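See below for input-v9.txt, which holds compact mmCIF, C-alpha atoms and all ligand atoms.
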```txt
# COMPACT_ATOMS: atom_id res chain seq x y z
CA MET I 1 -101.41 43.35 21.84
CA ASN I 2 -98.10 41.57 21.42
CA ILE I 3 -96.53 42.98 18.27
CA GLY I 4 -93.32 42.04 16.44
CA PHE I 5 -91.90 45.01 14.49
CA ILE I 6 -89.21 44.46 11.82
CA GLY I 7 -87.36 47.35 10.10
CA LEU I 8 -86.64 50.31 12.39
CA GLY I 9 -85.37 52.94 9.94
CA HIS I 10 -86.60 56.48 9.25
CA MET I 11 -90.24 55.36 9.19
CA GLY I 12 -90.20 52.20 11.32
CA ASN I 13 -88.67 53.85 14.39
CA PRO I 14 -91.35 56.53 14.89
CA MET I 15 -94.12 54.08 13.95
CA ALA I 16 -92.88 51.60 16.57
CA ARG I 17 -92.65 54.40 19.14
CA ASN I 18 -96.29 55.28 18.53
CA LEU I 19 -97.28 51.65 19.18
CA LEU I 20 -95.42 51.78 22.51
CA LYS I 21 -97.24 55.04 23.35
CA HIS I 22 -100.51 53.15 22.84
CA ARG I 23 -99.31 50.55 25.39
CA HIS I 24 -98.79 47.68 22.99
CA THR I 25 -96.06 45.18 23.93
CA LEU I 26 -93.32 45.34 21.31
CA LYS I 27 -90.61 42.97 20.18
CA VAL I 28 -88.31 44.50 17.55
CA PHE I 29 -85.75 43.37 14.98
CA ASP I 30 -83.46 45.23 12.57
CA VAL I 31 -80.19 44.12 10.98
CA MET I 32 -78.66 47.30 12.50
CA PRO I 33 -78.33 46.68 16.28
CA ASP I 34 -78.14 50.42 17.16
CA LEU I 35 -81.61 50.92 15.71
CA MET I 36 -82.99 48.26 18.06
CA LYS I 37 -81.35 49.91 21.07
CA ALA I 38 -83.29 53.14 20.42
CA LEU I 39 -86.49 51.11 20.92
CA THR I 40 -85.35 48.85 23.77
CA ASP I 41 -84.48 52.03 25.72
CA LEU I 42 -88.20 52.84 25.50
CA GLY I 43 -89.42 49.46 26.73
CA ALA I 44 -89.40 47.16 23.68
CA SER I 45 -87.60 43.81 23.77
CA HIS I 46 -85.21 42.86 20.97
CA THR I 47 -84.57 39.65 19.04
CA THR I 48 -81.84 38.24 16.83
CA SER I 49 -83.77 37.35 13.67
CA ALA I 50 -86.98 38.05 11.76
CA SER I 51 -88.29 34.57 12.50
CA LYS I 52 -87.73 34.98 16.27
CA CYS I 53 -89.40 38.38 16.15
CA ALA I 54 -92.50 36.70 14.70
CA GLU I 55 -92.70 34.04 17.45
CA ASP I 56 -95.41 34.32 20.14
CA VAL I 57 -96.93 37.58 18.91
CA ASP I 58 -100.46 38.46 17.73
CA VAL I 59 -99.28 40.73 14.94
CA VAL I 60 -96.11 41.21 12.84
CA ILE I 61 -95.45 44.58 11.19
CA THR I 62 -92.66 45.09 8.66
CA MET I 63 -91.27 48.41 7.34
CA LEU I 64 -88.46 47.47 4.94
CA PRO I 65 -86.64 49.21 2.06
CA SER I 66 -87.91 47.29 -0.99
CA SER I 67 -89.29 44.11 -2.60
CA PRO I 68 -86.22 41.81 -2.18
CA HIS I 69 -86.04 42.67 1.55
CA VAL I 70 -89.74 41.83 1.98
CA ARG I 71 -89.38 38.52 0.13
CA SER I 72 -86.36 37.59 2.22
CA VAL I 73 -87.81 38.63 5.59
CA TYR I 74 -91.07 36.73 5.03
CA LEU I 75 -90.06 33.75 2.93
CA ARG I 76 -86.40 32.86 3.57
CA ASP I 77 -86.42 31.30 6.99
CA GLY I 78 -88.20 34.40 8.25
CA VAL I 79 -91.61 35.51 9.45
CA LEU I 80 -93.58 32.63 7.90
CA SER I 81 -91.39 30.05 9.62
CA GLY I 82 -91.39 31.79 13.03
CA ALA I 83 -95.00 32.91 13.44
CA ALA I 84 -97.88 30.71 14.57
CA ALA I 85 -100.69 30.14 12.05
CA GLY I 86 -103.37 32.82 12.39
CA THR I 87 -100.89 35.61 13.21
CA LEU I 88 -101.85 38.83 11.46
CA LEU I 89 -99.08 40.05 9.11
CA ILE I 90 -98.95 43.71 8.04
CA ASP I 91 -96.33 44.82 5.51
CA CYS I 92 -96.07 48.63 5.42
CA SER I 93 -93.07 48.78 3.02
CA THR I 94 -93.54 50.29 -0.47
CA ILE I 95 -92.92 47.41 -2.90
CA ASP I 96 -94.19 46.20 -6.25
CA PRO I 97 -97.76 44.82 -6.28
CA HIS I 98 -96.62 41.44 -7.71
CA THR I 99 -94.27 40.77 -4.80
CA ALA I 100 -96.98 41.87 -2.36
CA ARG I 101 -99.40 39.38 -3.96
CA ASP I 102 -96.81 36.55 -4.08
CA VAL I 103 -95.95 36.95 -0.40
CA ALA I 104 -99.64 37.25 0.59
CA PHE I 105 -100.39 34.08 -1.42
CA GLU I 106 -97.63 32.13 0.39
CA ALA I 107 -98.84 33.50 3.72
CA LEU I 108 -102.43 32.48 3.00
CA ALA I 109 -101.30 28.98 1.98
CA LYS I 110 -99.72 28.67 5.45
CA LYS I 111 -102.91 29.92 7.16
CA PHE I 112 -101.73 33.43 7.96
CA ASN I 113 -103.80 36.59 7.51
CA MET I 114 -101.83 39.20 5.60
CA VAL I 115 -102.40 42.74 4.36
CA ASP I 116 -100.14 45.13 2.45
CA ALA I 117 -100.39 48.59 4.01
CA PRO I 118 -97.97 51.10 2.44
CA VAL I 119 -98.10 54.64 3.79
CA SER I 120 -98.03 58.23 2.71
CA GLY I 121 -97.20 61.12 4.99
CA GLY I 122 -93.43 60.70 5.28
CA THR I 123 -91.34 60.86 8.44
CA GLY I 124 -93.36 63.86 9.72
CA GLY I 125 -96.58 61.84 9.51
CA ALA I 126 -94.86 58.84 11.11
CA GLU I 127 -93.70 61.00 14.07
CA ALA I 128 -97.09 62.65 14.49
CA GLY I 129 -99.05 59.40 14.05
CA THR I 130 -100.98 60.91 11.13
CA LEU I 131 -99.96 58.55 8.30
CA THR I 132 -102.38 57.44 5.59
CA PHE I 133 -102.42 53.64 5.21
CA MET I 134 -103.52 52.17 1.87
CA VAL I 135 -104.52 48.62 2.71
CA GLY I 136 -104.84 45.63 0.38
CA GLY I 137 -106.30 42.33 1.57
CA ASP I 138 -109.52 40.67 2.75
CA MET I 139 -112.04 42.96 4.44
CA ALA I 140 -111.93 40.77 7.58
CA ASP I 141 -108.13 41.16 7.79
CA PHE I 142 -108.46 44.90 7.13
CA GLU I 143 -110.87 45.17 10.08
CA LYS I 144 -108.37 43.34 12.32
CA ALA I 145 -105.46 45.54 11.17
CA LYS I 146 -107.35 48.84 11.43
CA PRO I 147 -107.17 49.44 15.23
CA ILE I 148 -103.42 48.78 15.16
CA LEU I 149 -102.84 51.04 12.17
CA GLU I 150 -104.90 53.74 13.91
CA CYS I 151 -102.14 53.97 16.55
CA MET I 152 -99.81 55.16 13.76
CA GLY I 153 -102.09 56.90 11.28
CA LYS I 154 -105.20 58.97 10.72
CA ASN I 155 -106.60 57.69 7.40
CA ILE I 156 -106.86 53.93 7.05
CA VAL I 157 -108.32 53.04 3.64
CA HIS I 158 -109.29 49.62 2.31
CA CYS I 159 -108.20 49.51 -1.36
CA GLY I 160 -109.41 46.00 -2.29
CA GLY I 161 -107.61 42.64 -2.45
CA ALA I 162 -103.96 41.75 -1.82
CA GLY I 163 -101.50 44.13 -3.52
CA ASN I 164 -104.04 46.92 -4.02
CA GLY I 165 -102.53 49.02 -1.26
CA GLN I 166 -99.32 49.07 -3.33
CA VAL I 167 -101.29 49.87 -6.49
CA ALA I 168 -102.86 52.92 -4.80
CA LYS I 169 -99.52 54.06 -3.41
CA ILE I 170 -97.46 53.89 -6.62
CA CYS I 171 -100.18 55.25 -8.94
CA ASN I 172 -100.75 58.24 -6.62
CA ASN I 173 -97.02 58.95 -6.49
CA MET I 174 -96.76 58.72 -10.29
CA MET I 175 -99.47 61.41 -10.56
CA LEU I 176 -97.66 63.52 -7.95
CA ALA I 177 -94.31 63.30 -9.79
CA ILE I 178 -95.86 64.27 -13.12
CA GLU I 179 -97.72 67.17 -11.52
CA MET I 180 -94.55 68.36 -9.75
CA ILE I 181 -92.55 68.31 -12.99
CA ALA I 182 -95.32 70.23 -14.81
CA THR I 183 -95.36 72.84 -12.03
CA ALA I 184 -91.56 73.16 -12.06
CA GLU I 185 -91.59 73.60 -15.85
CA GLY I 186 -94.32 76.27 -15.78
CA MET I 187 -92.83 78.16 -12.81
CA ALA I 188 -89.32 78.23 -14.31
CA LEU I 189 -90.59 79.38 -17.70
CA ALA I 190 -92.79 82.15 -16.24
CA ALA I 191 -89.78 83.44 -14.26
CA LYS I 192 -87.49 83.25 -17.32
CA LEU I 193 -90.05 85.20 -19.36
CA GLY I 194 -89.99 87.96 -16.76
CA MET I 195 -92.78 87.23 -14.28
CA ASP I 196 -92.47 87.46 -10.53
CA PRO I 197 -92.77 83.77 -9.48
CA LYS I 198 -94.98 84.61 -6.48
CA VAL I 199 -97.40 86.60 -8.64
CA PHE I 200 -97.47 83.85 -11.25
CA ALA I 201 -98.09 81.16 -8.58
CA GLY I 202 -100.96 83.27 -7.23
CA ILE I 203 -102.52 83.35 -10.70
CA ALA I 204 -102.01 79.63 -11.35
CA ASN I 205 -103.46 78.83 -7.94
CA THR I 206 -106.70 80.66 -8.70
CA SER I 207 -106.79 79.37 -12.29
CA SER I 208 -106.82 76.04 -14.05
CA GLY I 209 -103.08 75.37 -13.54
CA ARG I 210 -103.64 74.88 -9.79
CA CYS I 211 -102.58 71.61 -8.15
CA TRP I 212 -101.08 70.44 -4.82
CA SER I 213 -97.55 71.02 -6.15
CA SER I 214 -98.38 74.62 -7.06
CA ASP I 215 -100.50 75.73 -4.08
CA THR I 216 -99.07 73.69 -1.18
CA TYR I 217 -95.58 72.52 -2.14
CA ASN I 218 -94.42 74.97 -4.80
CA PRO I 219 -90.93 74.04 -6.10
CA PHE I 220 -89.85 77.67 -6.73
CA PRO I 221 -87.83 79.07 -3.79
CA GLY I 222 -89.57 81.80 -1.80
CA VAL I 223 -93.08 81.20 -3.12
CA ILE I 224 -94.29 79.20 -0.09
CA ASP I 225 -92.34 79.82 3.12
CA SER I 226 -93.08 76.38 4.62
CA ALA I 227 -92.18 74.38 1.47
CA PRO I 228 -88.81 72.57 1.16
CA ALA I 229 -87.98 74.88 -1.80
CA SER I 230 -87.66 77.76 0.70
CA ARG I 231 -85.09 75.88 2.84
CA GLY I 232 -82.72 74.53 0.21
CA TYR I 233 -84.89 71.44 -0.48
CA SER I 234 -83.98 69.88 2.86
CA GLY I 235 -86.41 67.50 4.62
CA GLY I 236 -89.60 66.48 2.84
CA PHE I 237 -89.76 63.48 0.49
CA GLY I 238 -86.39 62.58 -1.05
CA SER I 239 -85.90 62.52 -4.84
CA ASP I 240 -84.41 59.02 -4.59
CA LEU I 241 -87.55 57.75 -2.82
CA MET I 242 -89.66 59.29 -5.60
CA LEU I 243 -87.36 57.63 -8.15
CA LYS I 244 -87.88 54.29 -6.39
CA ASP I 245 -91.69 54.63 -6.58
CA LEU I 246 -91.54 55.72 -10.24
CA THR I 247 -89.39 52.71 -11.06
CA LEU I 248 -91.92 50.42 -9.31
CA VAL I 249 -94.84 51.99 -11.17
CA THR I 250 -93.23 51.85 -14.62
CA GLU I 251 -92.24 48.20 -14.08
CA ALA I 252 -95.80 47.38 -12.96
CA ALA I 253 -97.17 49.18 -16.04
CA LYS I 254 -94.80 47.21 -18.26
CA SER I 255 -95.99 43.89 -16.89
CA ALA I 256 -99.63 44.98 -17.30
CA LYS I 257 -98.88 46.19 -20.88
CA GLN I 258 -100.39 49.54 -19.92
CA PRO I 259 -98.88 52.75 -21.37
CA VAL I 260 -97.59 55.35 -18.89
CA MET I 261 -95.93 57.83 -21.23
CA LEU I 262 -95.64 60.67 -18.74
CA GLY I 263 -94.85 58.30 -15.86
CA ALA I 264 -91.94 56.86 -17.85
CA ALA I 265 -90.69 60.36 -18.71
CA ALA I 266 -90.97 61.32 -15.03
CA GLN I 267 -88.96 58.22 -14.06
CA GLN I 268 -86.20 59.23 -16.49
CA LEU I 269 -86.17 62.86 -15.30
CA TYR I 270 -85.80 61.77 -11.65
CA GLN I 271 -83.08 59.33 -12.71
CA LEU I 272 -81.19 62.21 -14.37
CA HIS I 273 -81.78 64.41 -11.32
CA SER I 274 -80.42 61.68 -9.04
CA SER I 275 -77.37 61.11 -11.23
CA ASN I 276 -76.73 64.88 -11.06
CA GLY I 277 -76.18 64.31 -7.31
CA HIS I 278 -79.56 65.52 -6.02
CA GLY I 279 -81.10 62.22 -4.86
CA GLY I 280 -81.01 63.31 -1.23
CA LEU I 281 -82.90 66.57 -1.82
CA ASP I 282 -86.68 66.86 -1.56
CA PHE I 283 -88.41 65.79 -4.79
CA SER I 284 -89.53 69.37 -5.59
CA SER I 285 -85.83 70.08 -6.32
CA ILE I 286 -86.55 68.58 -9.77
CA ILE I 287 -86.89 72.27 -10.76
CA LYS I 288 -83.06 72.29 -10.83
CA LEU I 289 -83.38 70.67 -14.28
CA TYR I 290 -84.97 73.93 -15.46
CA LYS I 291 -83.10 76.67 -13.58
CA LYS I 292 -79.47 76.98 -12.56
CA ASP I 293 -79.51 78.56 -9.06
P1 LIG I 301 -84.94 52.92 5.88
O1 LIG I 301 -83.91 52.41 4.94
O2 LIG I 301 -84.63 54.10 6.75
O3 LIG I 301 -85.39 51.72 6.88
C1 LIG I 301 -85.47 50.37 6.51
C2 LIG I 301 -84.93 49.53 7.66
O4 LIG I 301 -85.02 48.15 7.33
C3 LIG I 301 -83.44 49.80 7.94
O5 LIG I 301 -83.28 50.16 9.28
C4 LIG I 301 -82.75 48.47 7.61
O6 LIG I 301 -81.63 48.19 8.44
C5 LIG I 301 -83.89 47.49 7.86
N1 LIG I 301 -83.69 46.22 7.17
C6 LIG I 301 -83.25 45.99 5.91
N2 LIG I 301 -83.19 44.67 5.66
C7 LIG I 301 -83.60 44.04 6.79
C8 LIG I 301 -83.76 42.68 7.16
N3 LIG I 301 -83.47 41.69 6.32
N4 LIG I 301 -84.19 42.40 8.41
C9 LIG I 301 -84.46 43.39 9.29
N5 LIG I 301 -84.35 44.72 9.00
C10 LIG I 301 -83.90 45.02 7.77
O7 LIG I 301 -86.25 53.18 5.03
P2 LIG I 301 -87.52 54.11 5.43
O8 LIG I 301 -87.30 55.50 4.96
O9 LIG I 301 -87.88 53.83 6.86
O10 LIG I 301 -88.62 53.48 4.44
C11 LIG I 301 -89.20 52.22 4.68
C12 LIG I 301 -90.25 51.96 3.61
O11 LIG I 301 -91.25 52.99 3.65
C13 LIG I 301 -89.70 51.98 2.18
O12 LIG I 301 -90.32 50.97 1.45
C14 LIG I 301 -90.06 53.37 1.67
O13 LIG I 301 -90.21 53.41 0.26
C15 LIG I 301 -91.37 53.61 2.37
N6 LIG I 301 -91.70 55.03 2.59
C16 LIG I 301 -90.76 55.88 3.06
C17 LIG I 301 -91.10 57.24 3.27
C18 LIG I 301 -90.07 58.22 3.79
O14 LIG I 301 -90.35 59.42 3.77
N7 LIG I 301 -88.91 57.76 4.30
C19 LIG I 301 -92.40 57.68 2.98
C20 LIG I 301 -93.35 56.76 2.55
C21 LIG I 301 -92.98 55.43 2.35
```
Rewrite the coordinates I just gave you, this time as structure tokens.
Amino acid sequence: MNIGFIGLGHMGNPMARNLLKHRHTLKVFDVMPDLMKALTDLGASHTTSASKCAEDVDVVITMLPSSPHVRSVYLRDGVLSGAAAGTLLIDCSTIDPHTARDVAFEALAKKFNMVDAPVSGGTGGAEAGTLTFMVGGDMADFEKAKPILECMGKNIVHCGGAGNGQVAKICNNMMLAIEMIATAEGMALAAKLGMDPKVFAGIANTSSGRCWSSDTYNPFPGVIDSAPASRGYSGGFGSDLMLKDLTLVTEAAKSAKQPVMLGAAAQQLYQLHSSNGHGGLDFSSIIKLYKKD
């Protein structure tokens, strides 16, 4: 297929490379020229604007930082003015569900097919082509997007209508943040009260305190060798990215008049953690709020 790919950052670059590996023809655009060169060296062609990147392709994929970037790239003299009607549009950025629905509505009005398809799996999943895609949009558009997304991911899940991919993404990450904070709090307290953290984690993980943050990604250093906690919280999923998702989810809850008491507390705790200078560390480093070293 002829694919236009816009946004070649930490996630977009390896995703675009996987499309090239599957022998798709790629045209790329990013506001940072060096990021385009990394892809043109591998056989992609480059363009000078989002609207040009969307011309004469079957599919446009975007992987952008946040909602204002998505609005601007699609609506302001961008993808919707460059692409031919009928082009399939796939936005993989994590943004708020309202923006996703607004952009999809405008796209539909101009006879485009559009899905929102945010991902989980991080840069490791993007490199390995094992991302999970949470897809919102018509079933027929989902079916068209699926074979392309399968070049970059392993689990491709239809979540319902436009914006529902974003709903799944931000609600899952809210649960993850709350669970991580609970694990950090319990682990730090058990250690302070004199327990060996590894022994305590073993008990929690065979008892009712068990969760993904305790048995797979434990925030206490030395408990799980492969976890970011055991390598100074490097790599993994950055605290600032978690803060971004928590901010999206609390704003969405506000507009839906739906209480998210623990989600709001989690957003504030990650905000504090970020303002303490730890935004670049993996999100399990939130345990630094509870223990000094
Ligand atoms: P990034 O900042 O590394 O990449 C975004 C790219 O978009 C940059 O290269 C930037 O130059 C480009 N860009 C910005 N405005 C543009 C414009 N107007 N036109 C063209 N290009 C433009 O971000 P990332 O880490 O690749 O994340 C992308 C999205 O994926 C975000 O929404 C993020 O929340 C989400 N996400 C990231 C991860 C992760 O681990 N990094 C995991 C899951 C989801």
Please, which residues in stretch 75-173 of chain I fall within 10 Å of stretch 248-264 of chain I when counting all atoms listed in the file, and what is the closest atom pair and distance in Å to one decimal for each, ordered by chain then residue number, as JSON lines?
```
{"residue": "I:Thr94", "atom": "CA", "partner": "I:Leu248", "partner_atom": "CA", "distance": 9.0}
{"residue": "I:Ile95", "atom": "CA", "partner": "I:Leu248", "partner_atom": "CA", "distance": 7.2}
{"residue": "I:Asp96", "atom": "CA", "partner": "I:Leu248", "partner_atom": "CA", "distance": 5.7}
{"residue": "I:Pro97", "atom": "CA", "partner": "I:Ala252", "partner_atom": "CA", "distance": 7.4}
{"residue": "I:His98", "atom": "CA", "partner": "I:Ala252", "partner_atom": "CA", "distance": 8.0}
{"residue": "I:Gln166", "atom": "CA", "partner": "I:Val249", "partner_atom": "CA", "distance": 9.5}
{"residue": "I:Val167", "atom": "CA", "partner": "I:Val249", "partner_atom": "CA", "distance": 8.2}
{"residue": "I:Lys169", "atom": "CA", "partner": "I:Val249", "partner_atom": "CA", "distance": 9.3}
{"residue": "I:Ile170", "atom": "CA", "partner": "I:Val249", "partner_atom": "CA", "distance": 5.6}
{"residue": "I:Cys171", "atom": "CA", "partner": "I:Val249", "partner_atom": "CA", "distance": 6.6}
{"residue": "I:Asn172", "atom": "CA", "partner": "I:Val249", "partner_atom": "CA", "distance": 9.7}
{"residue": "I:Asn173", "atom": "CA", "partner": "I:Val249", "partner_atom": "CA", "distance": 8.7}
```
Using all atoms listed in the file, find each residue of chain I with at least one atom at most 6 Å away from an atom of ligand LIG 301 (chain I); report its shortest atom-to-atom pair and that distance in Å (one decimal), sort the rows by chain and rising residue number, and return the result as a tab-separated table.
```
residue	atom	partner	partner_atom	distance
I:Ile6	CA	I:LIG301	C9	5.5
I:Gly7	CA	I:LIG301	O4	3.7
I:Leu8	CA	I:LIG301	O5	4.6
I:Gly9	CA	I:LIG301	O3	3.3
I:His10	CA	I:LIG301	O9	3.8
I:Met11	CA	I:LIG301	O9	3.7
I:Gly12	CA	I:LIG301	O9	5.3
I:Phe29	CA	I:LIG301	C9	5.8
I:Asp30	CA	I:LIG301	N5	3.7
I:Val31	CA	I:LIG301	N5	4.6
I:Met32	CA	I:LIG301	O6	5.1
I:Met63	CA	I:LIG301	C11	5.1
I:Leu64	CA	I:LIG301	O4	4.2
I:Pro65	CA	I:LIG301	O12	4.1
I:Ser66	CA	I:LIG301	O12	5.0
I:His69	CA	I:LIG301	N2	5.4
I:Val73	CA	I:LIG301	N3	5.4
I:Ser93	CA	I:LIG301	O12	3.9
I:Thr94	CA	I:LIG301	O12	3.8
I:Val119	CA	I:LIG301	C20	5.3
I:Ser120	CA	I:LIG301	C20	4.9
I:Gly122	CA	I:LIG301	O14	3.7
I:Thr123	CA	I:LIG301	O14	5.0
I:Phe237	CA	I:LIG301	O14	5.3
I:Leu241	CA	I:LIG301	O13	5.9
```
Would you export the selected residues with C-alpha atoms as a PDB file, in the frame of the given file, please?
```
ATOM      1  CA  ILE I   6     -89.210  44.460  11.820  1.00  0.00           C
ATOM      2  CA  GLY I   7     -87.360  47.350  10.100  1.00  0.00           C
ATOM      3  CA  LEU I   8     -86.640  50.310  12.390  1.00  0.00           C
ATOM      4  CA  GLY I   9     -85.370  52.940   9.940  1.00  0.00           C
ATOM      5  CA  HIS I  10     -86.600  56.480   9.250  1.00  0.00           C
ATOM      6  CA  MET I  11     -90.240  55.360   9.190  1.00  0.00           C
ATOM      7  CA  GLY I  12     -90.200  52.200  11.320  1.00  0.00           C
ATOM      8  CA  PHE I  29     -85.750  43.370  14.980  1.00  0.00           C
ATOM      9  CA  ASP I  30     -83.460  45.230  12.570  1.00  0.00           C
ATOM     10  CA  VAL I  31     -80.190  44.120  10.980  1.00  0.00           C
ATOM     11  CA  MET I  32     -78.660  47.300  12.500  1.00  0.00           C
ATOM     12  CA  MET I  63     -91.270  48.410   7.340  1.00  0.00           C
ATOM     13  CA  LEU I  64     -88.460  47.470   4.940  1.00  0.00           C
ATOM     14  CA  PRO I  65     -86.640  49.210   2.060  1.00  0.00           C
ATOM     15  CA  SER I  66     -87.910  47.290  -0.990  1.00  0.00           C
ATOM     16  CA  HIS I  69     -86.040  42.670   1.550  1.00  0.00           C
ATOM     17  CA  VAL I  73     -87.810  38.630   5.590  1.00  0.00           C
ATOM     18  CA  SER I  93     -93.070  48.780   3.020  1.00  0.00           C
ATOM     19  CA  THR I  94     -93.540  50.290  -0.470  1.00  0.00           C
ATOM     20  CA  VAL I 119     -98.100  54.640   3.790  1.00  0.00           C
ATOM     21  CA  SER I 120     -98.030  58.230   2.710  1.00  0.00           C
ATOM     22  CA  GLY I 122     -93.430  60.700   5.280  1.00  0.00           C
ATOM     23  CA  THR I 123     -91.340  60.860   8.440  1.00  0.00           C
ATOM     24  CA  PHE I 237     -89.760  63.480   0.490  1.00  0.00           C
ATOM     25  CA  LEU I 241     -87.550  57.750  -2.820  1.00  0.00           C
TER      26      LEU I 241
END
```
#### Entry: Interatomic distance, atom CA of I:Leu269 to atom CA of I:Thr206 (Å, one decimal)
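Pair atom CA of I:Leu269 / atom CA of I:Thr206 returns 28.0 Å.
Taking atom CA of I:Ser230 and atom CA of I:Ile286 as the two end points, the separation is 14.0 Å.
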**Message:** Ranking I:Phe5, I:Ser72, I:Leu289, I:Leu20 by minimum distance to I:Ile181 and counting only C-alpha atoms, which one comes first?
**Reply:**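 Checking each candidate against I:Ile181, we get I:Leu289 as the closest.
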If we count all atoms listed in the file and set the cut-off at 10 Å, which residues sit around stretch 125-136 of chain I, ignoring sequence neighbours fewer than 5 positions away in its own chain? Please answer as an MDAnalysis selection string.
chainID I and resid 10:19 90:92 97 100:101 104 114:120 141:142 145:146 149:169
note - atom CA of I:Gly277 and atom CA of I:Gly238 are separated by 12.1 Å
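Considering the residues I:Gly137, I:Gly43, I:Pro221, I:Gly280 and counting only C-alpha atoms, I:Gly235 has its shortest atom-to-atom contact with I:Gly280.
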